[in-house]
Every structure is written in C-alpha cells, then in structure tokens.
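**Student:** Okay, here's the structure, questions in a sec.
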Amino acid sequence: MNENAIEVRNVTMKFNLMEEKVDSIKEYALKFLQRKLLFNEFIALDDVSFDIKKGDVFALIGFNGAGKSTMLKILAGVLKPTSGHVSINGNIAPLIEVGAGFDQDLTARENIFLNGAILGYSKEFLDAHFENIIEFAELKDFVNVPVKNFSSGMYARLGFAIATEVRPDILIVDEVLSVGDFKFQQKCEKRIREMISKGTTVVIVSHTIDLIRNLCNRVLWLDHGKVKEYGSAETVCEKYEPSKMRGKTTRNLFYNGREVTQRVILQKNSIKQVIIHPITWKRRYLETDELVMSIRSLSGESLCTTKVFLNDFSDNREYAIDVNMYGLAEYSAYDIVFSLSRDGEWEEEFQLLTTLKYDSSMGRAILDDKEQAWSICMKLI
Amino acid sequence: MLMGMMNNFYRYKYLLWVLVTRDIKKKYRRSVLGILWSMLNPLLMMIVTAMVFSTLFRFDIPNYILYLLIGQVFFSFFSESTNFAMNAILDNASLLKKVYVPKYLFPVSRVLSSCVNLLFTLPPVLFMMYYTEQYPTFDVVSIFIPLVALLIFCTGIGLALSAVAVYFRDILHLYGVILTALQYSIPIIYPEKIISLQYKFLLLYNPLYYYLSAFRQVVICVKCRIFTRLLLAMYLLLYPCL
C-alpha cells in the first residue's frame, strides 16, 4: 500500500550551542537575565525532505558536520526535529554505535541480554538467538568474561552481532563497517548484503564512497544541513567525488541489441568488481536460474569464477560480483565469460574480451577504449 | 496517547527487568557475602546507632531497637533509591544519545532495584521482632501497603531529580545535604514527642513522616488487628492529601 519505508518532510533541526556550558543555577540565572541563553543557535538540518522506498539501500553522504549523524538520530527516534515531520513504516534497528549499551562490568552473556533488551527484543527472542550471536561474534570461549576485558575488536564484533541478529524492516548503519579486522569486515558486509537481498531497507552513513557505490541505489548528499544532491548512487557519487570515477569503466554488453550486463569496476591495477543487473538476465532468459561469471586469461586459464543464483533477486537492483583474484594485473587481456544454465546444464555462454592497459599518468590500469572488443559468442552445448 | 504509552512500556518490560537485575548483580559482584550484605547492613547500622544513642541520650522509647531499625530501613530506602535514580539519566547519557529507549525506564529501574534491596532487609526486621519478643502475627503482611505507596512516592521523586540533574549538576552535591536534613527532621533516631509544638509543622508538612509512621504502626503496634491496621495505614497515607 505504502511504498515508502521512511518519509522525511521539511525537517529542520536547531541546536542551542551554549558557548560555555551552563551547569549551575547561578550561572543560569545570570545568563537568563542577560538573555544570552538562546543566543548561539546552530542549524544542523535545514528543511530537508526525502523519501526512502521499501527495499532501498539509501546512503547519506557529506563532509564532516553536514548533519548526517543528526539525520540518523532523527530517523532512529533519538532526537525530535525542531520542525517538520518524519514518518516511519516498519520496525527500525539502529546500528549507530556498536556497543553503546554495553556495561563494562557484565559478562558477554549478560551484555547480550542487556543490549538486546535495549534494542527492544524480548527474552524469548534472545534465548533463541543467543547461540547465533555468540557464533557470529566468534566469542564462544569468552561468554562468561566481563566485557571490560575484551579487546576493541571483540567488543565491536559482539555489538554488530547483536544488532543484526534481528531481521528488521529498516536497518540504520553509521560507519560501523570500519570496525574489526578485514575478515570480520567482510563478514559484516556479507550479512548486510544478505539483509538487503531479503528486502530490508538500509540507511547507511559512510565516507567510503566505494562501499556506497557497491551497496546503495539511492544517495542523499547533505551539505551544511541542506540537501545538495539527491538521486541514484551513480550520479550523486560522481558529483561528490569525481576524481574516483577514473578508476571505473562502464561498458555495456549488448546481446541482440539489448543491454545485458552493466560494468566493470577497476581498482588500482586489477578488476575489483563486475556489476550486473540480475533481473535483466532473468527477464531475458526466463528459464535460467544460475549465472556463472568467470574471468579467463587469453590462454584459457580460469582466474576467477563466481556463481550467482538469479532466483535470489526479485527487485530491480544491481549486484556487484566481487572479484577476489589477485594478480589479475599480470594479464593484460582477459575474457569475462558469463554462462547461463538451467537445471545444471549449460545453455549459453557470453564472452567478452577486454584488455587492461596501464596508464602511467593516472597510475592505474584502465580498460582500453579502442581495443574494446565486447564480443559475444553463443555456445550451445 | 495513553494506550501508546502503555504499549511502549509493555514492549520494554523486559528491558526494565534486565536493568533491575543488572543493578542488583553489580552491587554485590565480587563481594564474598553478596546479597547477604543487604540483610547485614541495616542490622550493623542499627547496632552502631543503638549503641551510641541508648548510652548517650537514653530516649524513653519502648523497644528502641526495633523503632530505630524500621526508621533506618525506611530512610535508607528513600535516600538510596532517589539518590541512585537521580544519576540514572546522566550515567546512561551515551546510550540515550544513540538508541531510542524510553528515558523514564532508567530512573524507574533504579528505584525498583532499591526496592528489591529493601525487600531483603525485611527478614532482619522480622528477626529483630522475634529477638525483642515482639512476636509478629500474620498481620505483618500489611506492611506492603505503605511499601507500595512509598515506592510510588520514591519513583516520582527519582524521576523529577533525574531530569533536574541533567540541567543543574549542582543538585548532585546539594541533594546529599538535603537528605541529611530530611533524615534529622523526621523522628528516625529520636522519639516524636521531643519535637516542641512550635516546630511540629515541620513534621506535618513532610510527606516522609507519614510513610514512616505507617511503617512503624504496622510493625510496632501489635495490638491492632489487620483490618484496623489497614484502615490506620490508609488513613495515614491519605492524611497528607486531605
């Protein structure tokens, strides 16, 4: 019925910045008499309106002090806007600061129940999910240790595990993916992707533009409390950080005159991601359920193979296939091959040949424009 | 509006439970006697005060030990719960700024955990009743009437203090003094009759006095039956309102 998960209408947030914090009655009385109390007004958000549709992965970007965190707090219900209106459709899980509700003296077990209760879960829910949380946080051996003895990584893992255990309608993420080691970050990202694919609406604040490009479809750029840009991730990110665009080459693959795949993202000297549009593949080839992407060197050696189950995607979103293959740079040319299959039998194979060139002026590899040879050969096996 | 509030409260009832148990657990964590301290503390305090006052001043009160114990148990609940609740919002500031939680839960949970503490001090009171040969009858259960009323009273004071403490930190220091003044303004260690008539109004306008009297009536006044006690307690509770 209502397609919007979150509607923000003309939200303005003003803060009273008292230069020196007034903490005592005498000072308060003095300042009140001098009419200095409501002096230093700071407008954190100025007439901001936007909608977030159900299933959107929405990012807030902007420089420090642009009002991103204030906006998140308003969405989470922690702050009430000075004027304007926010309506929220569905239950919301704030992941604003990992471990904000931990009690240092309690053990991990007790903190799971405390923190879970703070996030509004019931005892039955926490009992049922306790094992999952511990497992995800990898803290099996530390269940009965007070969290004050935890390392910051363990702390963060526990917090993330608790907050994402529930499957909320709306998840709010504030720069939390920057915690933990590389391995855990990947795990977090995977979990968030999982939630996205299940239709959770996600609101992210991040300074990592690559992350936003990969995850999000809508972006709001705030600048000094005002909306600067609002639109698809591509367009807004491009304006926000034009310099990074060089590393990315967009090339569309056409098959029978129709666009089938999206683009290849390069990072430094190798392919980082291939972005596809699963729904297009699915629509065009109704019978297919499995898409295999592999990158091969020209000699035919397979460098990287990724399988995508098209049935996992029901919405019109792009999907980024991570290419976890180091050393791709050694191959100046390679094929990207897409194979579609049904019932485990290969049906069709699309092949695109492309060349990586090292551009010394930019210090990184680019996809060669002139030699581009998106060739498609259809194989029926 | 009210329904919304009730729903919200119901949703967070588990959080309230967790907060209360946390406070109790934390209070006695790593102490050898643990929760026993809740029972030992009022007894020890009573012994010390009784030794001082029964030799120094010699008040003319029948069963002075019990008189003193009830007064101290009563007042320590009041001071502990309100003092503890006063800091509730400030202590959880970092959390309240990050996640939406009904803010009143924190002061309320602290009053409740103090109340649980108070319940643990009731067995020593019973013990002292036996010890001083003031054998309790079943009627003692009517102590829960003034207790519930006092709980509501302390919750109100605690909520107000916790909100005030956010804006005026001075209250944190001032409140200790106020508590001491309150403690000596009501007859906890001295008998009621030593207050001269011209200062009697100090008692009559002090709500704490009525709660204290209700407690004492239930425990010390052995002759009345439960029904009369109920009436008596009701009367004493309603008196400040009239």
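In the structure tokens, chains take letters A, B, ... by order of appearance, with residues numbered from 1 within each chain and ligands from 1 in the order shown.
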From a DSSP calculation on the backbone, collect every residue of range 4-227 of chain B in helix (DSSP H, G or I) and output the set as a PyMOL selection string.

**Tutor:** chain B and resi 4-11+13-28+36-56+64-86+88-91+93-96+105-131+138-167+170-185+192-194+197-204+207-220+226-227

**Student:** Which residues are close to Gly231 in chain A, i.e. within 7 Å by only C-alpha atoms, leaving aside same-chain residues fewer than 6 positions away? Reply as a PDB file with N, CA and C atoms, in the first residue's frame.

**Tutor:**
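Full text of part12.pdb as output:
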ATOM      1  N   ARG A 218      20.268   4.587  -3.761  1.00  0.00           N
ATOM      2  CA  ARG A 218      19.898   5.999  -3.666  1.00  0.00           C
ATOM      3  C   ARG A 218      20.859   6.711  -2.728  1.00  0.00           C
ATOM      4  N   VAL A 219      21.186   7.920  -3.060  1.00  0.00           N
ATOM      5  CA  VAL A 219      22.119   8.659  -2.223  1.00  0.00           C
ATOM      6  C   VAL A 219      21.595  10.071  -1.996  1.00  0.00           C
ATOM      7  N   LEU A 220      21.734  10.525  -0.750  1.00  0.00           N
ATOM      8  CA  LEU A 220      21.410  11.910  -0.421  1.00  0.00           C
ATOM      9  C   LEU A 220      22.694  12.586   0.030  1.00  0.00           C
TER      10      LEU A 220
END

**Student:** Using only C-alpha atoms, which residues of chain B come within 10 Å of chain A, and what is the closest atom pair for each, with the distance in Å to one decimal? Give it as a tab-separated table, sorted by chain and residue number.

**Tutor:**
residue	atom	partner	partner_atom	distance
B:Asn8	CA	A:Gly120	CA	9.9
B:Arg11	CA	A:Gly120	CA	6.9
B:Tyr12	CA	A:Gly120	CA	6.2
B:Lys13	CA	A:Ser122	CA	8.7
B:Tyr14	CA	A:Ala117	CA	6.3
B:Leu15	CA	A:Ala117	CA	4.6
B:Leu16	CA	A:Ala117	CA	8.4
B:Trp17	CA	A:Ala117	CA	9.1
B:Val18	CA	A:Leu114	CA	6.0
B:Leu19	CA	A:Leu114	CA	7.3
B:Thr21	CA	A:Leu114	CA	9.9
B:Arg22	CA	A:Leu106	CA	8.1
B:Lys25	CA	A:Leu106	CA	8.8
B:Lys26	CA	A:Asp105	CA	7.3
B:Arg29	CA	A:Asp105	CA	8.9
B:Asn92	CA	A:Gly101	CA	8.4
B:Ser94	CA	A:Ala100	CA	6.9
B:Leu95	CA	A:Ala100	CA	5.5
B:Leu96	CA	A:Val78	CA	7.2
B:Lys97	CA	A:Val78	CA	6.3
B:Lys98	CA	A:Ile96	CA	6.2
B:Val99	CA	A:Val78	CA	6.0
B:Tyr100	CA	A:Val78	CA	4.8
B:Val101	CA	A:Ile118	CA	6.7
B:Pro102	CA	A:Val78	CA	9.6
B:Ala165	CA	A:Asp23	CA	9.5
B:Val166	CA	A:Asp23	CA	8.7
B:Tyr167	CA	A:Asp23	CA	6.4
B:Phe168	CA	A:Ser24	CA	5.2
B:Arg169	CA	A:Asp23	CA	5.8
B:Asp170	CA	A:Ser24	CA	5.8
B:Ile171	CA	A:Ser24	CA	8.8

**Student:** Write out as a count of residues only each polymer residue whose atoms come within 12 Å of Gly176 in chain B, counting only C-alpha atoms; drop sequence neighbours fewer than 4 positions from it.

**Tutor:** 13

**Student:** So which residues touch Ile152 in chain B within 12 Å, counting only C-alpha atoms, skipping near sequence neighbours fewer than 4 positions away, as a PyMOL selection string?

**Tutor:** chain B and resi 78+81-82+108+111-112+115+145-148+156-159+211

**Student:** May I have the residues within 6 Å of Val147 in chain A as a list in words, using only C-alpha atoms and disregarding those fewer than 5 positions away in the same chain?

**Tutor:**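 With the cut-off at 6 Å, the set is Gln104, Thr107 and Ala108 of chain A.
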
**Student:** Please determine, counting only C-alpha atoms, which residue among B:Leu203, B:Leu237, B:Ala85, B:Leu40 has the shortest atom-to-atom distance to Ser114 in chain B.

**Tutor:**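 Distance minimum relative to Ser114 in chain B lands on B:Ala85.
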
**Student:** Name the closest residue to Glu41 in chain A among the candidates A:Met13, A:Ile112, A:Ala59, A:Val274; distances are taken between atoms, counting only C-alpha atoms.

**Tutor:**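 Among the listed residues, A:Met13 lies closest to Glu41 in chain A.
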
**Student:** With distances taken over only C-alpha atoms, which of B:Ser38, B:Gln134, B:Thr49, B:Ser76 is nearest to Asn63 in chain B?

**Tutor:**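 Answer, going by the shortest atom-to-atom distance: B:Gln134.
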
**Student:** When distances are computed from only C-alpha atoms, which of B:Met39, B:Val32, B:Val20, B:Val219 shows the smallest separation from Asp139 in chain B?

**Tutor:**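 Answer, going by the shortest atom-to-atom distance: B:Val219.
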
**Student:** Separation of CA of Tyr235 in chain B and CA of Ser113 in chain B, in Å?

**Tutor:**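 Computing the Euclidean distance for CA of Tyr235 in chain B and CA of Ser113 in chain B yields 28.0 Å.
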